[in-house]
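Student: Structure incoming, see below.
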Amino acid sequence: MAVVVVWVVEGTWPACVDAARAHAPEGAEIVLLHVTGHDVADAAHGAFAGLLGRGHPERDPGTRVEHLAAASAESLLRAAAERLARPCTRSERTGRVEREVVAATDGADLLVLARDGDRSRLGPHSLGPASRFVVDHAACPLLLVWPESAPDLGTMPPPPPPPHHG
Amino acid sequence: MLVLVLVCAVVRPFNWPEAVVAVPAAALVVATGAISVGDALDEAEQLGPVIGFLAAVLVLAQLCDDEGLFQWCGAWMARTAAGRPRRLLAQVFLAASAITAVLSLDATVVLLTPVVFATAARLGARPKPHVYACTHLSNTASLLLPVSNLTNLLAFAASGLSFTRFAALMALPWLAAIAVEYLVFRRFFATDLDAGAQAPSGGDAPELPLFALLTVAGTLAGFVLTSAVGIDPAWAALAGAAVLAVRALLRRRTTPRALVSSASLPFLAFVLALGIVVRAVVDNGLDTALGRLIPDGTGLAALFGIALLAAVLANVINNLPAVLVLLPLASGSGPGAVLAVLLGVNIGPNLTYAGSLATLLWRRIVHAHDTEVQLREFTRLGLYAVPASLCAAVLALWASLAVIGGG
């Protein structure tokens with residue numbers, strides 16, 4: 001049975017879910033994947049650690065942020081599953097986001113992801129660092145979608161001038 | 001001895017409060033004669049009001065949280081951001097700057113950061129720019145008032161400035177530094193901010209905690225009033241905390257025990273002990289060593305030099321000991337030099353994760369086998385934001401000193 005992984009990211013996920021609904025083969029196993037990076041909670045941990053002498057590790061905001069992040073990931077995946085309206089499994093991972101996504105596509109037949117960079121014009125800047133890494137390293141076929149309607153063709157940069165032949 | 005106290009404060013062996021090592025260390029430097037009993041008492045006398053002030057502000061912030069001020073703030077940000085991440089970032093900047101300035105950086109780090117994360121998550125926006133904004137502003141936006149940061153309280157006591165004069169001189173640097181941070185954040189996180197947000201900001205709006213807000217406003221007015229008539233503004237903070245505490249006790253929303261715990265007595269003891277140990281180190285040779293590095297005067301170049309030295313020192317040790325070391329040296333050159341030290345020690349910590357190399361090294365050791373903190377992005381952001389906002393703030397301070405005068 002074909003396995004289709006849908007990478008769910010805050011802000012851009014509805015387009016991915018819609019693409020999966022349109023393009024995943026009938027009967028395929030759809031996996032909704034969300035990855036929580038450590039960076040945000042670490043920033044909060046670090047800010048608290050920088051407050052010298054405050055003690056009270058139970059007041060560390062990083063820990064609260066971690067709990068909130070887990071709850072938020074769960075509700076995001078629930079919303080995505082509702083929008084998909086097809087049987088699916090939900091997968092939540094934590095770690096370095098781009099690497100976890102690549103690892104999660106091991107053995108998959110398709111990964112659906114959205115461009116996460118500049119969405120106003122066609123071109124390489126439409127991929128942010130995370131999706132660039134995944135596009136460059138994924139071992140399975142990809143379905144790369146625009147989060148909203150794609151910019152029109154006129155935004156494509158002009159072709160380079162022809163080389164002069166002396 | 002200072003190194004031992006600092007290492008233990010970072011490492012916290014056996015989960016002891018930092019004071020467990022710092023207080024005996026302070027007793028030891030007095031006992032061994034590294035600092036005379038008179039000097040130690042003198043230092044304690046100077047730090048006493050500062051510590052009282054700090055305790056009052058810590059309690060005030062905690063009570064504001066109990067009253068629901070931060071929850072309300074989160075709901076306000078969600079409502080006014082209207083699903084647009086860039087708007088949300090602006091709201092976070094407003095809220096974090098105001099809260100840091102009035103209720104101190106502890107309030108922003110401990111109480112506001114989780115609220116901001118929850119707000120971003122509820123809007124379906126990517127939380128990273130907003131949470132990073134809290135961590136940066138807890139430092140940068142702590143320039144305005146003496147109460148905003150413990151470093152300010154220490155400098156305030158040493159500078160001889162009045163509360164209002166301090167605020168007037170720091171207003172422009174505060175605004176300049178925040179404005180620069182805002183521009184850096186908009187550019188640095190452009191991708192995350194462009195990603196949009198889906199979730200409707202539905203849900204009940206919590207009631208505005210008017211009483212808490214009025215008490216805070218009254219406390220601010222009290223700061224101005226007390227400094228005008230020459231009373232220690234710590235009394236205004238104490239009065240504000242007392243008003244909210246009595247109300248919370250009457251309504252059984254808090255207990256005396258919780259109040260005492262929010263004043264963090266071990267922390268206050270730690271500050272006092274650290275002050276005495278640092279004084280001993282400074283008196284025994286560090287002053288002449290660093291005295292050569294500190295530029296004299298309060299010209300623009302001197303202000304830059306002082307701020308830079310303070311920023312570097314804050315990153316090598318931590319801003320708290322850094323300010324204790326630098327204050328006695330800078331106060332000779334007048335209030336301008338003291339405020340330049342503050343620009344350095346308050347903005348500087350954004351450069352390194354956790355505010356100092358010592359903390360950073362320790363965290364790296366602890367996390368070596370767990371998850372490694374992703375430092376690259378954090379440090380890159382710091383490299384853009386810190387030099388730019390520090391330069392803007394120093395220029396603004398120089399202009400303020402020229403217009404208002406250091407008096």
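Letters A, B, ... mark the chains of the structure tokens in the order given; residue numbers begin at 1 per chain; ligand numbers begin at 1, in order shown.
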I need the chain A residues near chain B as a list in words; criterion: at most 6 Å, counting only C-alpha atoms.
Tutor: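 Therefore, the residues near the partner are Glu10, Gly11, Val40, Gly46, Ala47, Ala49, Gly50, Gly53, Arg54, Gly55, Pro61, Val65 and Gly117 of chain A.
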Student: Enumerate as a PyMOL selection string all residues of stretch 173-381 of chain B assigned to helix (DSSP H, G or I) by DSSP on the backbone, naming them with the chain letters and numbers the document uses.
Tutor: chain B and resi 173-188+190-194+210-229+234-250+256-262+265-291+300-316+319-333+335-350+353-355+357-367+375-381
Student: Any idea what's packed within 10 Å of A:Ala24, counting only C-alpha atoms, ignoring anything in its chain fewer than 2 positions away? Could you give it as number ranges by chain?
Tutor: A: 2-5, 18-22, 26-30, 109-110, 112
Student: Output C-alpha atoms of each residue in that selection to a file, as a PDB file, in the first residue's frame.
Tutor:
```
ATOM      1  CA  ALA A   2       1.289   3.425  -0.890  1.00  0.00           C
ATOM      2  CA  VAL A   3       2.347   5.669   1.985  1.00  0.00           C
ATOM      3  CA  VAL A   4       1.829   9.425   1.608  1.00  0.00           C
ATOM      4  CA  VAL A   5       3.440  11.658   4.229  1.00  0.00           C
ATOM      5  CA  ASP A  18      -5.742  19.799   0.231  1.00  0.00           C
ATOM      6  CA  ALA A  19      -3.038  18.545  -2.140  1.00  0.00           C
ATOM      7  CA  ALA A  20      -2.946  15.198  -0.353  1.00  0.00           C
ATOM      8  CA  ARG A  21      -6.704  14.904  -0.657  1.00  0.00           C
ATOM      9  CA  ALA A  22      -6.496  15.645  -4.380  1.00  0.00           C
ATOM     10  CA  GLU A  26      -7.299   5.839  -3.290  1.00  0.00           C
ATOM     11  CA  GLY A  27      -6.555   3.564  -0.341  1.00  0.00           C
ATOM     12  CA  ALA A  28      -3.152   5.083   0.313  1.00  0.00           C
ATOM     13  CA  GLU A  29      -2.039   5.324   3.914  1.00  0.00           C
ATOM     14  CA  ILE A  30      -1.819   9.024   4.737  1.00  0.00           C
ATOM     15  CA  ASP A 109       6.049   6.821  -1.605  1.00  0.00           C
ATOM     16  CA  LEU A 110       5.305  10.538  -1.568  1.00  0.00           C
ATOM     17  CA  VAL A 112       3.645  16.539   0.389  1.00  0.00           C
TER      18      VAL A 112
END
```
Student: With distances taken over only C-alpha atoms, which residue among A:Leu52, A:Ala150, A:Val102, A:Ala69 lies nearest A:Ser120?
Tutor: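 Closest residue, counting only C-alpha atoms: A:Ala150.
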Student: From the DSSP assignment of the backbone, select every residue of stretch 22-166 of chain A that is strand (DSSP E or B), and format the answer as a ChimeraX atom specification.
Tutor: /A:29-36,88-94,110-114,142-145
Student: Go through A:Val101, A:Val8, A:Asp42, A:Cys16 one by one, measure the shortest atom-to-atom distance of each to A:Cys140 using only C-alpha atoms, and give the residue with the smallest value.
Tutor: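 Residue with the minimum atom-to-atom distance to A:Cys140: A:Val101.
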Student: Could you name the residues that touch B:Pro49 at 10 Å or less, counting only C-alpha atoms, but leaving out those on the same chain fewer than 2 positions away, as a list in words?
Tutor: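 Those residues are Ala44, Glu45, Gln46, Leu47, Ile51, Gly52, Phe53, Leu54, Ala55, Leu153, Leu154, Ala157, Asp232, Pro233, Ala234 and Trp235 of chain B.
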